[in-house]
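Peer 1: Pasting in a structure now, in structure tokens, and then I'll have a few things to ask.
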Amino acid sequence: MQRTWMALLVLVSACGDGSSVAADADIGVPEFRIENVDDSGFVHGVTFRCLDLVADTPQSFVSDGPHQHTLRLEVAQMQSILAGELVELIFTDGHEHSFPIQKPEDACVGLGDAG
């Protein structure tokens, strides 16, 4: 079984007074995207906002691609991701998926140190 995954940096622009952009600037890249190719050849992508990963409750993220999957992350998994560790979700939702998640070094800067 061959699995392919990649992390893509997503740069975000915002409209408005810029207050949220200034807050995000302190954490480096404010979000990152992971893409995964499963055994059936489907490409699924998920964008993770850094500020969602610091939540003190489990969070769900919805993938895009030819169909959607919901990835649920527990607080401990989000803390591991923020610390730069690789977290691999393995689940069956119509077909088996292995979804490795690791943030790029310049995303969510300093957020993994708070735990």
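Each chain in the structure tokens gets a letter, A, B, ..., in the order shown, and its residues are numbered from 1; ligands are numbered from 1 in order too.
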Please provide as a PDB file with N, CA and C atoms, in the first residue's frame all residues within 9 Å of Glu74 in chain A, with the sequence filter that same-chain residues fewer than 5 positions apart are discarded (counting only C-alpha atoms).

Peer 2:
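around_38.pdb was written with the following content:
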```
ATOM      1  N   THR A  57     -11.290  21.801  23.507  1.00  0.00           N
ATOM      2  CA  THR A  57     -12.280  20.752  23.232  1.00  0.00           C
ATOM      3  C   THR A  57     -11.932  20.109  21.897  1.00  0.00           C
ATOM      4  N   PRO A  58     -12.334  18.864  21.662  1.00  0.00           N
ATOM      5  CA  PRO A  58     -12.066  18.228  20.366  1.00  0.00           C
ATOM      6  C   PRO A  58     -12.645  19.068  19.227  1.00  0.00           C
ATOM      7  N   GLN A  59     -11.979  19.032  18.090  1.00  0.00           N
ATOM      8  CA  GLN A  59     -12.395  19.816  16.923  1.00  0.00           C
ATOM      9  C   GLN A  59     -12.555  18.901  15.720  1.00  0.00           C
ATOM     10  N   SER A  60     -13.474  19.270  14.839  1.00  0.00           N
ATOM     11  CA  SER A  60     -13.686  18.525  13.596  1.00  0.00           C
ATOM     12  C   SER A  60     -13.295  19.405  12.419  1.00  0.00           C
ATOM     13  N   GLN A  79      -2.548  19.150  20.398  1.00  0.00           N
ATOM     14  CA  GLN A  79      -1.345  19.595  21.096  1.00  0.00           C
ATOM     15  C   GLN A  79      -0.098  18.983  20.468  1.00  0.00           C
TER      16      GLN A  79
END
```

Peer 1: Using only C-alpha atoms, which residues sit within 8 Å of range 87-91 of chain A once same-chain residues fewer than 3 positions away are excluded, as an NGL selection string?

Peer 2: :A and (71 or 77 or 80-81 or 96-102)

Peer 1: Only N, CA and C atoms, please: the residues just picked out, written as a CSV table (one decimal), in the first residue's frame.

Peer 2:
```
chain,number,residue,atom,x,y,z
A,71,LEU,N,-12.7,14.8,9.8
A,71,LEU,CA,-11.6,14.4,10.7
A,71,LEU,C,-11.8,15.0,12.1
A,77,GLN,N,-4.2,15.2,20.5
A,77,GLN,CA,-3.7,15.2,19.1
A,77,GLN,C,-3.4,16.6,18.6
A,80,SER,N,-0.2,17.7,20.1
A,80,SER,CA,0.9,17.1,19.4
A,80,SER,C,1.2,17.7,18.1
A,81,ILE,N,0.2,18.1,17.3
A,81,ILE,CA,0.4,18.7,16.0
A,81,ILE,C,1.1,20.1,16.2
A,96,GLU,N,-11.1,3.0,3.6
A,96,GLU,CA,-10.0,3.3,4.6
A,96,GLU,C,-9.2,4.5,4.2
A,97,HIS,N,-8.9,5.3,5.2
A,97,HIS,CA,-8.0,6.4,5.0
A,97,HIS,C,-6.9,6.4,6.1
A,98,SER,N,-5.7,6.8,5.7
A,98,SER,CA,-4.7,7.1,6.6
A,98,SER,C,-4.3,8.5,6.3
A,99,PHE,N,-4.5,9.4,7.3
A,99,PHE,CA,-4.3,10.8,7.1
A,99,PHE,C,-3.2,11.3,8.0
A,100,PRO,N,-1.9,11.4,7.5
A,100,PRO,CA,-0.9,11.9,8.4
A,100,PRO,C,-0.9,13.5,8.4
A,101,ILE,N,-0.8,14.0,9.6
A,101,ILE,CA,-0.9,15.5,9.8
A,101,ILE,C,0.4,15.9,10.5
A,102,GLN,N,1.1,16.8,9.9
A,102,GLN,CA,2.3,17.5,10.5
A,102,GLN,C,2.3,18.9,10.0
```

Peer 1: Just how far from CA of Asp38 in chain A is CA of Leu73 in chain A, in Å to one decimal?

Peer 2: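 Taking CA of Leu73 in chain A and CA of Asp38 in chain A, their separation equals 19.2 Å.
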
Peer 1: Looking at only C-alpha atoms, which of A:Leu53, A:Ile34, A:Ile27, A:Val43 is the one that sits closest to Arg72 in chain A?

Peer 2: A:Leu53

Peer 1: Between A:Gly110, A:Glu105, A:Ala83, A:Gly65, which is the closest to Gly41 in chain A once you count only C-alpha atoms?

Peer 2: A:Gly65

Peer 1: Pick out the closest residue to Gln68 in chain A from this set: A:Leu82, A:Arg33, A:Phe42, A:Asp56. Count only C-alpha atoms.

Peer 2: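 Distance minimum relative to Gln68 in chain A lands on A:Phe42.
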
Peer 1: Please report the interatomic distance between CA of Asp39 in chain A and CA of Met78 in chain A in Å with one decimal.

Peer 2: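 So the two atoms, CA of Asp39 in chain A and CA of Met78 in chain A, lie 25.4 Å apart.
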